[in-house]
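A short worksheet on the structure shown next.
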Amino acid sequence: MFYISTTLKKERSSKNVRNKDLFPVSQEFVEFSSFNNQIIKNRIEQISEVAMVDVSGLVAPEILVIPDLQKLYSLQISLDDLENYIQRGDISIKNLSIKDSQYQYNIRLGSQLKNIKDVENIYIKKENRVYQLKDIATVLEHPKKRKGLVLSNGKEAITMAVIKQHDAKMGVLKDKLNELLEQLRKDYKNIDFQVTRNQTQLLDYAVANLFQSLLWGISLSFLIMFLFLKNLKAPILISIVIPISMIICLLFFQVLHISINIISLSGLVLGIGLMIDNSIIVIDNITQYYEQNNSLTKSCVLGTNEVFRPLLSSALTTCAVFIPLVFIKGIAGALFYDQAMAISIGLFSSLLVSILLLPVLYYLLHKRNGHRKGKITIFLEKSNTIEYERVYEKGLRWVLRNQKTAWSIIVFLLISGIVLYNLLPKSQLPYLSQKETLLKIDWNEQVNVDENKNRVIEVLAILKKTIRENTALVGSQQFILDKEALARTSEVTLYLNFDNEEYLDNAKQKIEFFLNKKYPNAHYKYKEVTNIFSTIFSNLEAPLIVQLKNVGSVENQRNNQLKEVWYQVQQNLNTIQLKPILWQESILLIADREKMMTYNINENSIYNKLKSTFGEREVFTIKHNQEIVPVVLGEDIKTIQDILNETTVALSGGVQVCIKEFLRVHNIQELKNISGNIEGEYYPLDIEVPDNKVIPFKNKIKALIKHNQWYEVGFSGSFFSNQEMVKDLIIILLLSLVLLYFILASQFESFILPIIILFEVPIDLTGAFLLLYFFGMSINLMSLIGIVVMCGIIINDSILKIDTIIQLQKSGASVLRAISVAGKRRLKPILMTSLTTILALVPMLFSSGVGVELQAPLAVALIGGMILGTIVSLYFIPLCYYYLISLNMKSITKFKD
């Protein structure tokens, strides 16, 4: 969605008909509103990608008829009579047709009023004399009384929300809209057109950052392969395979109607690592057979066939992790779907290309040179003399010889994971830096729109040195699709945009100080700006919401009871300050029916009299310049007290009596807002409290309200929803592990071996939690996604190693020999696959922007789990396998004995 604000660069001198203090809007702004509504709006809606344009800030004209009361009294014309006379002036008989021979004519009888002159010239006949309306009343045209307005950078403006078609592309809409605005600026030089709250800037910036991270990750991954494999051909092969896999992946995106967005892009970033993993494993296995002096054709066949089964199993296990997650409802489901589909599609595309195309490309690339080594390979072998196999074998021997110490380390890691989980804060979403915000203020007083405007200008004045852009929606707005448009005249929504987050934080401090000092009763809160992320990523609840439910009290005592309960809660919150209760002051006019019956006064006559006095008595409407203009019977603007003291009604004998004699005036105080759920109404108290203090405060407030006879208490808030979300995802994760178990059991044809592989998951969680703790992040939805992805990826290394060990045992190798040889053969693939996945994510840790900030916890959790998981796969999984085989051998020996 785009917001476009239009303002007059320079207004002509005010052409108000009446007092400027009473009607502060110029006639020129009325014409400007009409121009925007009829011309600018229509031109924008002509863009095919635009569904509609929602407009607010318009000022409509109104024709006001102010009767001369003395003349009416002398002519004995009541206001009701005058209204009837005016209505008769707009006679219009329609759908009347006559036939004349073979012709037919439409007949229209009457005089249709078209402008203010026609209204002034309405004829009124009284006692055989004919008057015109202008003889007994003043008729004037002025801006209609406003309930709200729009300010853009301190000037009154018209704002338009441009809503795109559901199937339109945001980029195309942006280009066409910018092109139209440039043309409009040339055509109408007196109008300033400004695009505000442009969501595409945020999206473009986030997508660009993720693309940059993607390119850096691929580059670093190629560098790792170049150094490990010590030849140039492997990176060349992968540089061919990855684009082909990406093209196939994007074709599936098109078929499944998945867009390129923040979530699907992050899935591709993760998918790139998995795509490279498959290629590395196939290339390395073919190379091992080729270096054993097998023919090139045989090496390609044997090397590919040997790893096909574990690669397929790895792909299935990775996808199995996501299957339950796709069906999660709400925010998590929205986040998981595109990401899960991107990873799954990328993984299977890569698997197909690695199995079917990569061996062919390997054969073609090595066919000419055979076993001859190039200069680059010779140089790398001489410069990189690290013997990875020897270092690994030393470590493996130490683990097998010191099994008690190794098991102690595993137990320590498991306990550390539990401790870190409890220490880490829990939240629904990661922290996202912001340069813009929405400030909603309720002055908590019965101020009119113009006073509200003046106060907003005061607030903006203290920010003028740092603020870059601002828009104020003062009072009620005219937007059709905005559910919050029907605000009160005492409310305002301020959009504030700054150059950086520091300016925004300083502005919040200044605003808080100003409001608390000058308007202490004002109620204000900040909200996230409505943008491309708001529907999924918004989290506007306070950590703790106290729901005060009234039970059995008398209606007129509720306000005092609520004040007392509010004060008691505030006293128990120490330094935490509660927001004041929002009250609405109202004047209640109660008719004295006994007096009215005594003096034979009709209720309708008093009601109509008050309507005309307050300028709310609409007689009819006329159509002028494609606009509907109301004709209102009213009087000069007065205070309420003046109206009650000066307004009179006529008795049966023509005697005028003050209207206040028949009315009782009461000033009442009511709650502005009340919330409700399936259990009934309640008044919410938002408490901004740290997560670790939510439960103590909840218990304290619960004990406080327990003995209160007027109120019951309930609790909600982001703390509880976050806890519930974490619990749900843990359950989903456990279900995913069960699904993984059955897939692995079917592959290895064993019920014990899958337990060894899945035992790795809780150990690896410690690595994820430790890195999250180091970076000061929380356990949130994105970090949990990273943990889920890590679970799917890291066990692939263990699957590959266990499968190789089993194949070697079937060839006649002993357990220790199989473990040692399998470890050496799979060392480089495991190291390279882990490093490429990690390096594909490292750039996210050092970039900025909303898209990167959103994915950073995912990257941190995945990197932490992968680092520890690689060590576990290399050393502790062989230990577990050896321990399992040893137990089986002892069981068999005992059975034989």
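Numbering starts fresh at 1 for the residues of each chain in the structure tokens, the chains themselves are lettered A, B, ... in the order given, and ligands are numbered from 1 as they appear.
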Could you make a table, as a Markdown table, of the residues of stretch 483-509 of chain A that have an atom within 10 Å of an atom of stretch 444-460 of chain A, each with its nearest atom pair and distance in Å to one decimal, counting only C-alpha atoms, in chain and number order?
```
| residue | atom | partner | partner_atom | distance |
| --- | --- | --- | --- | --- |
| A:Arg488 | CA | A:Val449 | CA | 9.0 |
| A:Thr489 | CA | A:Val449 | CA | 5.3 |
| A:Ser490 | CA | A:Val447 | CA | 5.4 |
| A:Glu491 | CA | A:Asn452 | CA | 7.6 |
| A:Val492 | CA | A:Asn452 | CA | 7.6 |
| A:Thr493 | CA | A:Val456 | CA | 9.6 |
| A:Leu494 | CA | A:Val456 | CA | 8.4 |
| A:Leu496 | CA | A:Leu460 | CA | 9.3 |
| A:Ala507 | CA | A:Leu460 | CA | 9.9 |
```
Contact residues around stretch 68-83 of chain A with only C-alpha atoms at 8 Å, ignoring same-chain residues under 2 positions, as a PyMOL selection string:
chain A and resi 66+85-87+126+136-138+605+608-609+619+633
Prev. selection, C-alpha atoms, output as a compact mmCIF listing (two decimals), in the first residue's frame:
```
# COMPACT_ATOMS: atom_id res chain seq x y z
CA ILE A 66 -29.82 31.07 9.54
CA TYR A 85 -41.46 25.91 2.98
CA ILE A 86 -37.84 25.23 2.05
CA GLN A 87 -38.57 21.59 1.18
CA LYS A 126 -47.67 33.83 4.38
CA ILE A 136 -36.32 36.24 6.42
CA ALA A 137 -33.05 34.31 6.70
CA THR A 138 -29.37 34.55 5.90
CA SER A 605 -40.45 20.49 18.64
CA ASN A 608 -35.89 19.90 16.17
CA LYS A 609 -35.17 23.19 17.88
CA VAL A 619 -33.43 19.98 5.23
CA LEU A 633 -31.27 24.96 8.96
```
Residue contacts of A:Val162 (8 Å, only C-alpha atoms) excluding same-chain residues fewer than 2 positions away, as a VMD selection string
chain A and resid 1 to 4 50 to 54 160 164
Would you mind writing down, as a PDB file with N, CA and C atoms, in the first residue's frame, each residue of stretch 114-314 of chain A that DSSP on the backbone assigns to strand (DSSP E)?
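out-v1.pdb, freshly written:
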```
ATOM      1  N   TYR A 123     -39.411  30.783  -2.666  1.00  0.00           N
ATOM      2  CA  TYR A 123     -40.569  31.631  -2.325  1.00  0.00           C
ATOM      3  C   TYR A 123     -41.355  31.030  -1.164  1.00  0.00           C
ATOM      4  N   ILE A 124     -41.816  31.945  -0.284  1.00  0.00           N
ATOM      5  CA  ILE A 124     -42.607  31.560   0.887  1.00  0.00           C
ATOM      6  C   ILE A 124     -43.837  32.454   0.937  1.00  0.00           C
ATOM      7  N   LYS A 125     -45.009  31.864   1.015  1.00  0.00           N
ATOM      8  CA  LYS A 125     -46.259  32.638   1.060  1.00  0.00           C
ATOM      9  C   LYS A 125     -46.839  32.561   2.462  1.00  0.00           C
ATOM     10  N   LYS A 126     -47.101  33.740   3.036  1.00  0.00           N
ATOM     11  CA  LYS A 126     -47.669  33.825   4.376  1.00  0.00           C
ATOM     12  C   LYS A 126     -48.676  34.972   4.415  1.00  0.00           C
ATOM     13  N   ARG A 129     -49.098  37.150   1.393  1.00  0.00           N
ATOM     14  CA  ARG A 129     -47.896  37.868   0.975  1.00  0.00           C
ATOM     15  C   ARG A 129     -46.817  36.842   0.636  1.00  0.00           C
ATOM     16  N   VAL A 130     -46.035  37.173  -0.376  1.00  0.00           N
ATOM     17  CA  VAL A 130     -44.988  36.256  -0.842  1.00  0.00           C
ATOM     18  C   VAL A 130     -43.620  36.832  -0.468  1.00  0.00           C
ATOM     19  N   TYR A 131     -42.840  36.003   0.199  1.00  0.00           N
ATOM     20  CA  TYR A 131     -41.475  36.388   0.578  1.00  0.00           C
ATOM     21  C   TYR A 131     -40.492  35.437  -0.108  1.00  0.00           C
ATOM     22  N   GLN A 132     -39.272  35.887  -0.177  1.00  0.00           N
ATOM     23  CA  GLN A 132     -38.188  34.980  -0.558  1.00  0.00           C
ATOM     24  C   GLN A 132     -37.409  34.607   0.697  1.00  0.00           C
ATOM     25  N   ALA A 137     -34.163  35.127   6.211  1.00  0.00           N
ATOM     26  CA  ALA A 137     -33.049  34.305   6.703  1.00  0.00           C
ATOM     27  C   ALA A 137     -31.782  34.658   5.933  1.00  0.00           C
ATOM     28  N   THR A 138     -30.669  34.392   6.547  1.00  0.00           N
ATOM     29  CA  THR A 138     -29.366  34.554   5.896  1.00  0.00           C
ATOM     30  C   THR A 138     -28.933  33.193   5.349  1.00  0.00           C
ATOM     31  N   VAL A 139     -28.587  33.168   4.057  1.00  0.00           N
ATOM     32  CA  VAL A 139     -28.164  31.931   3.406  1.00  0.00           C
ATOM     33  C   VAL A 139     -26.701  32.090   3.003  1.00  0.00           C
ATOM     34  N   LEU A 140     -25.890  31.217   3.486  1.00  0.00           N
ATOM     35  CA  LEU A 140     -24.462  31.312   3.164  1.00  0.00           C
ATOM     36  C   LEU A 140     -23.881  29.926   2.932  1.00  0.00           C
ATOM     37  N   GLU A 141     -22.793  29.917   2.163  1.00  0.00           N
ATOM     38  CA  GLU A 141     -22.071  28.671   1.876  1.00  0.00           C
ATOM     39  C   GLU A 141     -20.739  28.712   2.612  1.00  0.00           C
ATOM     40  N   HIS A 142     -20.419  27.637   3.319  1.00  0.00           N
ATOM     41  CA  HIS A 142     -19.176  27.587   4.078  1.00  0.00           C
ATOM     42  C   HIS A 142     -18.743  26.132   4.195  1.00  0.00           C
ATOM     43  N   PRO A 143     -17.500  25.896   4.608  1.00  0.00           N
ATOM     44  CA  PRO A 143     -17.041  24.509   4.785  1.00  0.00           C
ATOM     45  C   PRO A 143     -17.854  23.799   5.867  1.00  0.00           C
ATOM     46  N   GLY A 148     -12.643  15.659  11.654  1.00  0.00           N
ATOM     47  CA  GLY A 148     -11.257  15.230  11.560  1.00  0.00           C
ATOM     48  C   GLY A 148     -10.559  15.934  10.417  1.00  0.00           C
ATOM     49  N   LEU A 149      -9.237  15.851  10.404  1.00  0.00           N
ATOM     50  CA  LEU A 149      -8.438  16.468   9.350  1.00  0.00           C
ATOM     51  C   LEU A 149      -7.110  15.733   9.252  1.00  0.00           C
ATOM     52  N   VAL A 150      -6.326  16.093   8.229  1.00  0.00           N
ATOM     53  CA  VAL A 150      -5.026  15.474   7.995  1.00  0.00           C
ATOM     54  C   VAL A 150      -3.974  16.563   7.906  1.00  0.00           C
ATOM     55  N   LEU A 151      -2.848  16.358   8.590  1.00  0.00           N
ATOM     56  CA  LEU A 151      -1.699  17.258   8.497  1.00  0.00           C
ATOM     57  C   LEU A 151      -0.535  16.490   7.893  1.00  0.00           C
ATOM     58  N   SER A 152       0.131  17.097   6.912  1.00  0.00           N
ATOM     59  CA  SER A 152       1.327  16.513   6.336  1.00  0.00           C
ATOM     60  C   SER A 152       2.455  17.517   6.484  1.00  0.00           C
ATOM     61  N   LYS A 155       1.187  20.938   7.536  1.00  0.00           N
ATOM     62  CA  LYS A 155       0.203  21.644   6.708  1.00  0.00           C
ATOM     63  C   LYS A 155      -1.015  20.748   6.482  1.00  0.00           C
ATOM     64  N   GLU A 156      -2.192  21.392   6.387  1.00  0.00           N
ATOM     65  CA  GLU A 156      -3.397  20.611   6.104  1.00  0.00           C
ATOM     66  C   GLU A 156      -3.292  19.975   4.723  1.00  0.00           C
ATOM     67  N   ILE A 158      -4.637  16.482   1.954  1.00  0.00           N
ATOM     68  CA  ILE A 158      -5.517  15.380   1.573  1.00  0.00           C
ATOM     69  C   ILE A 158      -4.618  14.154   1.433  1.00  0.00           C
ATOM     70  N   THR A 159      -4.967  13.078   2.091  1.00  0.00           N
ATOM     71  CA  THR A 159      -4.152  11.865   1.996  1.00  0.00           C
ATOM     72  C   THR A 159      -4.944  10.764   1.314  1.00  0.00           C
ATOM     73  N   MET A 160      -4.257  10.019   0.450  1.00  0.00           N
ATOM     74  CA  MET A 160      -4.894   8.965  -0.338  1.00  0.00           C
ATOM     75  C   MET A 160      -4.136   7.653  -0.143  1.00  0.00           C
ATOM     76  N   ALA A 161      -4.843   6.631   0.277  1.00  0.00           N
ATOM     77  CA  ALA A 161      -4.267   5.293   0.412  1.00  0.00           C
ATOM     78  C   ALA A 161      -4.501   4.544  -0.895  1.00  0.00           C
ATOM     79  N   VAL A 162      -3.422   4.206  -1.585  1.00  0.00           N
ATOM     80  CA  VAL A 162      -3.508   3.516  -2.875  1.00  0.00           C
ATOM     81  C   VAL A 162      -3.446   2.014  -2.620  1.00  0.00           C
ATOM     82  N   ILE A 163      -4.515   1.321  -2.928  1.00  0.00           N
ATOM     83  CA  ILE A 163      -4.629  -0.115  -2.647  1.00  0.00           C
ATOM     84  C   ILE A 163      -4.507  -0.872  -3.957  1.00  0.00           C
ATOM     85  N   LYS A 164      -3.553  -1.798  -4.018  1.00  0.00           N
ATOM     86  CA  LYS A 164      -3.279  -2.492  -5.269  1.00  0.00           C
ATOM     87  C   LYS A 164      -4.233  -3.662  -5.495  1.00  0.00           C
ATOM     88  N   ILE A 191       0.490  22.346  -6.470  1.00  0.00           N
ATOM     89  CA  ILE A 191       0.192  21.249  -5.546  1.00  0.00           C
ATOM     90  C   ILE A 191       1.466  20.454  -5.276  1.00  0.00           C
ATOM     91  N   ASP A 192       1.695  20.148  -4.005  1.00  0.00           N
ATOM     92  CA  ASP A 192       2.844  19.345  -3.610  1.00  0.00           C
ATOM     93  C   ASP A 192       2.382  17.900  -3.412  1.00  0.00           C
ATOM     94  N   PHE A 193       2.917  16.988  -4.210  1.00  0.00           N
ATOM     95  CA  PHE A 193       2.591  15.557  -4.119  1.00  0.00           C
ATOM     96  C   PHE A 193       3.736  14.855  -3.396  1.00  0.00           C
ATOM     97  N   GLN A 194       3.398  14.088  -2.375  1.00  0.00           N
ATOM     98  CA  GLN A 194       4.414  13.397  -1.592  1.00  0.00           C
ATOM     99  C   GLN A 194       3.952  11.996  -1.271  1.00  0.00           C
ATOM    100  N   VAL A 195       4.822  11.013  -1.523  1.00  0.00           N
ATOM    101  CA  VAL A 195       4.547   9.622  -1.171  1.00  0.00           C
ATOM    102  C   VAL A 195       5.034   9.379   0.249  1.00  0.00           C
ATOM    103  N   THR A 196       4.140   8.936   1.115  1.00  0.00           N
ATOM    104  CA  THR A 196       4.495   8.663   2.508  1.00  0.00           C
ATOM    105  C   THR A 196       4.234   7.192   2.807  1.00  0.00           C
TER     106      THR A 196
END
```
Would you list the contacts of stretch 862-871 of chain A as a list in words, taking every protein, DNA or RNA residue within 6 Å and counting only C-alpha atoms, but skipping same-chain residues closer than 4 positions in sequence?
Asp764, Leu765, Gly767, Ala768, Leu771, Gly786, Ile787, Met790 and Ile838 of chain A
What's the 12 Å shell around A:Leu423, counting only C-alpha atoms, without same-chain residues fewer than 3 positions away, as an MDAnalysis selection string?
chainID A and resid 416:420 426 691:692 769:770 772:774 776:779
Serialized selection, N, CA and C atoms, as an mmCIF file, in the first residue's frame:
```
data_model
loop_
_atom_site.group_PDB
_atom_site.id
_atom_site.type_symbol
_atom_site.label_atom_id
_atom_site.label_comp_id
_atom_site.auth_asym_id
_atom_site.auth_seq_id
_atom_site.Cartn_x
_atom_site.Cartn_y
_atom_site.Cartn_z
ATOM 1 N N SER A 416 23.857 -28.185 30.174
ATOM 2 C CA SER A 416 24.065 -26.782 29.763
ATOM 3 C C SER A 416 22.942 -26.305 28.853
ATOM 4 N N GLY A 417 22.471 -27.193 27.982
ATOM 5 C CA GLY A 417 21.360 -26.821 27.105
ATOM 6 C C GLY A 417 20.106 -26.491 27.881
ATOM 7 N N ILE A 418 19.825 -27.294 28.920
ATOM 8 C CA ILE A 418 18.641 -27.036 29.754
ATOM 9 C C ILE A 418 18.779 -25.702 30.488
ATOM 10 N N VAL A 419 19.979 -25.444 31.038
ATOM 11 C CA VAL A 419 20.218 -24.194 31.767
ATOM 12 C C VAL A 419 20.085 -22.992 30.828
ATOM 13 N N LEU A 420 20.686 -23.069 29.658
ATOM 14 C CA LEU A 420 20.627 -21.959 28.698
ATOM 15 C C LEU A 420 19.201 -21.700 28.237
ATOM 16 N N LYS A 426 12.166 -15.380 26.162
ATOM 17 C CA LYS A 426 11.274 -15.893 25.117
ATOM 18 C C LYS A 426 10.437 -14.748 24.569
ATOM 19 N N ASP A 691 9.782 -9.813 31.189
ATOM 20 C CA ASP A 691 9.226 -11.165 31.178
ATOM 21 C C ASP A 691 9.475 -11.923 32.484
ATOM 22 N N ASN A 692 10.654 -11.692 33.088
ATOM 23 C CA ASN A 692 10.971 -12.445 34.300
ATOM 24 C C ASN A 692 10.182 -11.975 35.526
ATOM 25 N N PHE A 769 21.609 -22.642 21.534
ATOM 26 C CA PHE A 769 21.282 -21.783 22.684
ATOM 27 C C PHE A 769 22.488 -20.946 23.118
ATOM 28 N N LEU A 770 23.683 -21.534 23.063
ATOM 29 C CA LEU A 770 24.881 -20.814 23.498
ATOM 30 C C LEU A 770 25.165 -19.619 22.595
ATOM 31 N N LEU A 772 22.966 -18.030 20.687
ATOM 32 C CA LEU A 772 21.897 -17.055 20.906
ATOM 33 C C LEU A 772 22.171 -16.225 22.155
ATOM 34 N N TYR A 773 22.641 -16.891 23.200
ATOM 35 C CA TYR A 773 22.975 -16.194 24.455
ATOM 36 C C TYR A 773 24.145 -15.235 24.236
ATOM 37 N N PHE A 774 25.132 -15.654 23.471
ATOM 38 C CA PHE A 774 26.310 -14.823 23.197
ATOM 39 C C PHE A 774 25.924 -13.560 22.424
ATOM 40 N N GLY A 776 23.019 -12.137 22.518
ATOM 41 C CA GLY A 776 21.983 -11.395 23.229
ATOM 42 C C GLY A 776 20.614 -11.504 22.588
ATOM 43 N N MET A 777 20.311 -12.628 21.960
ATOM 44 C CA MET A 777 19.035 -12.828 21.289
ATOM 45 C C MET A 777 18.119 -13.704 22.139
ATOM 46 N N SER A 778 16.875 -13.768 21.744
ATOM 47 C CA SER A 778 15.887 -14.541 22.485
ATOM 48 C C SER A 778 15.511 -15.801 21.725
ATOM 49 N N ILE A 779 14.815 -16.688 22.437
ATOM 50 C CA ILE A 779 14.174 -17.816 21.753
ATOM 51 C C ILE A 779 12.858 -17.291 21.197
#
```
Need the shell around A:Lys563: protein/DNA/RNA residues with any atom at most 12 Å away, counting only C-alpha atoms. Skip same-chain ones fewer than 2 positions apart. Format as an NGL selection string?
:A and (548 or 557-561 or 565-570 or 580-583 or 671 or 683 or 685 or 710-711)
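If only C-alpha atoms are the atoms counted, then among A:Ile40, A:Met275, A:Ile674, A:Val241 the closest residue to A:Asp187 is A:Ile40.
With distances restricted to only C-alpha atoms, A:Gln434 is the closest residue to A:Val529 from A:Ser219, A:Ser314, A:Gln807, A:Gln434.
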Excluding A:Gly634 and its own-chain neighbours fewer than 4 positions away, which residues fall within 6 Å of it when counting only C-alpha atoms? Please give them as a ChimeraX atom specification.
/A:65-66,612-613,615
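Between atom CA of A:Ser350 and atom CA of A:Ala840 lies a distance of 16.2 Å.
Nearest to A:Tyr682 of all the residues A:Leu589, A:Val546, A:Leu439, A:Ile732 is A:Val546, based on only C-alpha atoms.
Shortest separation to A:Ile757 among A:Leu113, A:Leu177, A:Val842, A:Leu740 occurs at residue A:Leu740, atoms counted being only C-alpha atoms.
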